[in-house]
Every structure is written in structure tokens, then in C-alpha cells.
Amino acid sequence: IHDGVARGWASLAPAAREQIEQGVLGLIGAHELDHAVQAKACELLAALAKHDALDALADGDGGGDGGGNGGAPGSANRTSARLISHASMLFQLHERPRLVALVLLSSLVHEFGSPADARGAGGTAAAMQQAARLDFQARHLPALFDALVGLLRADMADAAAPPDALVLVRSVALLATLLGWDFVGTTGAVGTAVGTAGVGGSDSGGGSGGARPGLFAATVRPPPEWRGRVDSPELLACAWAHYARLRAVADGAPSPIGGERARSLEGALHASRQLLVQLASIHHSAFTSREAHGAHVRSVGRSVVALAATPLSPAAPTGPAAAIGEAIDMAQLAARLLANSGADALGALPPAAGAELLSLIHISEPTRRTPI
């Protein structure tokens with residue numbers, strides 16, 4: 001069906017397109033469906049959404065200006081809006097529907113998220129892929145991001161229930177991916193090293209793409225209208241609380257944990273730390289004010305100090321791998337925070353927090369030539 005849609009989309013009547021969409025949505029909800037088939041079905045839905053977007057753009061009903069300043073969600077690309085709304089509805093249910101929703105959203109991100117200088121998923125020409133990606137970024141990416149943050153908050157609100165490791169892995173990994181979205185038109189693409197400035201906080205050379213000497217630091221720098229979303233204090237606090245909750249499960253789990261449960265818990269811990277690394281990588285220019293940026297840096301600093309005060313024991317049921325992984329990821333977090341916040345901001349930290357962050361960067365020195 002996927003191949004047939006790609007070849008014959010133009011000849012499909014609107015009613016036939018809607019019938020395919022509704023039929024596949026019903027298929028992915030089937031309890032007995034194989035996971036591989038489910039993933040392919042979600043890829044088909046994402047392809048339908050992109051065909052719809054390209055049709056809307058060809059009709060002149062497309063969105064962005066390249067910098068994420070496109071129009072509000074309207075008639076263009078109704079398929080993406082319906083799929084994101086469907087995923088948000090599934091998030092209100094139990095474990096399996098949530099996993100289906102996360103696979104669906106991941107497929108949308110993959111389908112639309114290819115960089116502008118590459119052929120998109122399904123072999124879309126580069127210019128068409130760029131147009132579809134920018135339209136999706138302007139019209140639908142904020143809703144997708146907000147749905148994932150809502151899932152994270154809902155899980156924290158139900159603190160009495162044990163965390164679902166598989167749902168958590170997929171949700172925080174997808175959030176971290178969205179923070180690395182390639183926002184074209186901003187002063188430096190997200191997910192790349194920005195500028196040639198050192199760590200003093202200057203913003204010169206923003207679009208040059210030059211690497212920061214010795215830091216290999218990626219930068220999260222979304223367009224201005226995303227301010228208050230990616231730099232939200234509530235999101236940062238929720239992400240750290242999630243990691244603390246998972247950590248407590250790892251430390252307090254009955255010994256020994258074996259097999260799939262141990263692997264899923266280690267995967268959840270790692271995915272959660274990667275989200276924390278991305279949140280520490282937000283460039284200082286992305287904040288609404290110097291005060292908001294200072295509060296962000298202080299919050300990260302306090303959390304790192306609290307983590308260092310109670311290190312994961314190599315003798316914990318999850319084994320030494322979790323403790324080693326935490327040390328490596330926290331070193332990366334400290335380096336990213338320094339690169340993107342500047343030495344002035346770090347100098348305002350309480351002495352214990354500043355010393356801990358600098359010691360983590362010192363620990364990471366031998367590994368810097370090979371990005372973690």
C-alpha cells in the first residue's frame with residue numbers, strides 16, 4: 001500500500017485517501033498486531049501526511065517563511081493535525097495505546113524531519129522535502145512537542161504508579177530528538193555547533209557553523225516563538241524529577257534484576273539523561289531574559305550537585321553500567337552547559353555547583369577527542 005500510494009497519490013480521490021488513513025488507524029490499534037507491522041503502518045500514515053502537505057503547498061496553502069514563523073494551523077495538511085490529535089487521545093489511555101501513539105509521532109518526525117540538503121523519507125526531492133519540513137515545523141511541531149510534554153507531566157502526576165520504562169524511553173527519546181530539530185532560518189541550526197565564540201557567552205559568528213574549540217558542543221537554539229516552550233522551568237524540573245524517580249527505582253529494585261527488565265530500566269535511565277543533556281544545551285540567546293537564563297543554569301547546577309552527592313553504586317542491581325553511563329552523561333551535560341551558557345553565567349553559580357560542573361568537565365577531558 002505504501003508503494004502504491006507513492007506511485008499513484010495524484011490519482012487517488014480524497015475519499016479513497018481518507019479511507020486508507022482510517023483503515024490504517026484502525027489497524028495500528030489492533031492488540032494482536034505484530035510490532036514490525038505496526039511500525040510500517042505508522043510509516044504509511046506519516047507518508048500520507050506528507051503527501052497531503054505537499055498537495056497543500058502546491059495549492060498555495062503552505063506555511064513557514066524558513067524561520068519557523070509560518071501560519072497558524074489551518075486547512076493545510078489536515079492529516080498531520082488529525083494524527084497528532086489521535087496520538088494525544090491515545091496518551092490518555094494505558095500502556096499499549098501510549099506506545100502506539102509514540103511510534104506514530106516518531107514516524108511523523110522521521111518523515112518530515114530530514115535535513116533540507118538531503119532527500120526526504122520516501123525519496124522526496126530535496127526542495128520539496130525542505131518545503132514540507134518547514135510547513136510541518138510551523139504548523140504542527142509545537143503541538144507534537146506539547147503533547148509529549150503533557151505525557152511526561154501526566155506520568156509524574158501519577159507518582160504512585162511504577163514508571164513504565166518502555167513508554168518513558170520512547171517519550172523522552174522523542175523529546176530529545178525534537179530539541180535537536182533542524183530549525184532552518186535561525187541563527188544557527190539546532191543540533192550543530194554554533195559560532196566560533198569561546199565560552200565567555202558572546203554570540204558572534206552565530207551562523208558560521210564553526211565548532212567551538214575543544215568542546216564539540218551541540219546547541220539547542222529554536223526560533224523566537226518557541227521561547228517559553230523549550231526553556232520552560234517546569235519542563236526542566238519535570239525532566240530532572242523523572243530521572244530521580246527512575247534512579248530511585250534502580251537503586252531500590254530487588255537484587256538481582258535480570259533480563260529484559262534490567263535492560264529496559266538501563267535504557268530508560270540513559271534516554272532520560274539524554275533529555276537532560278539536550279535541555280542543558282539550550283543556547284543563552286533562546287531565553288526570554290537574562291534572569292530566566294540565570295535561573296535555568298542555577299537549576300541545572302543544583303540538580304547536578306544533588307546527583308553527585310548520591311552516586312549510583314556499581315553494586316546496585318542494575319550493575320556498574322548504569323553508574324558509568326551516568327558519570328559519562330553528566331560530564332557531557334556539564335560541557336554542553338558551559339559551551340552554551342558562557343563562563344559569566346557559570347560564575348554566578350554557588351561555589352559547590354560551579355566546582356562540581358568544572359570537575360565533571362575535567363573528568364571528561366580524556367574522552368573529548370571522541371564525542372560521547
# chains A, B, ... in the order shown; residues from 1 in each chain; ligands from 1

$ residues_around --residues "Arg290 (chain A)" --least-positions-apart "3" --cutoff "12 Å" --atoms "only C-alpha atoms" --output "PyMOL selection string"
chain A and resi 201+283-287+293-297+341-342+344-345

$ residues_around --residues "Leu83 (chain A)" --least-positions-apart "3" --cutoff "9 Å" --atoms "only C-alpha atoms" --output "ChimeraX atom specification"
/A:25,45-46,49,78-80,86-88,101,104-105,108

$ closest_residue --among "A:Ile282, A:Leu358, A:Ala309, A:Leu346" --to "Ala331 (chain A)" --atoms "only C-alpha atoms"
A:Leu358

$ closest_residue --among "A:Ile328, A:Arg98, A:Ser106, A:Gln22" --to "Ala39 (chain A)" --atoms "only C-alpha atoms"
A:Ser106

$ closest_residue --among "A:Leu333, A:Cys238, A:Leu349, A:Val169" --to "Gly150 (chain A)" --atoms "only C-alpha atoms"
A:Cys238

$ atom_distance --atom1 "CA of Gln38 (chain A)" --atom2 "CA of Arg82 (chain A)"
18.2 Å

$ residues_around --residues "region 303-307 of chain A" --least-positions-apart "2" --cutoff "12 Å" --atoms "only C-alpha atoms" --output "ChimeraX atom specification"
/A:236-241,243-244,247-248,273,276-277,280,296-301,309-312,323,326-327,329-334,337,349-360

$ closest_residue --among "A:Ala343, A:Val100, A:Gln92, A:Ala56" --to "Ala154 (chain A)" --atoms "only C-alpha atoms"
A:Gln92

$ closest_residue --among "A:Ala58, A:Ala173, A:Leu235, A:Leu134" --to "Gln274 (chain A)" --atoms "only C-alpha atoms"
A:Ala173

$ closest_residue --among "A:Leu48, A:Ala13, A:Ala131, A:Gly26" --to "Ile1 (chain A)" --atoms "only C-alpha atoms"
A:Leu48

$ atom_distance --atom1 "CA of Asp55 (chain A)" --atom2 "CA of Val24 (chain A)"
20.6 Å
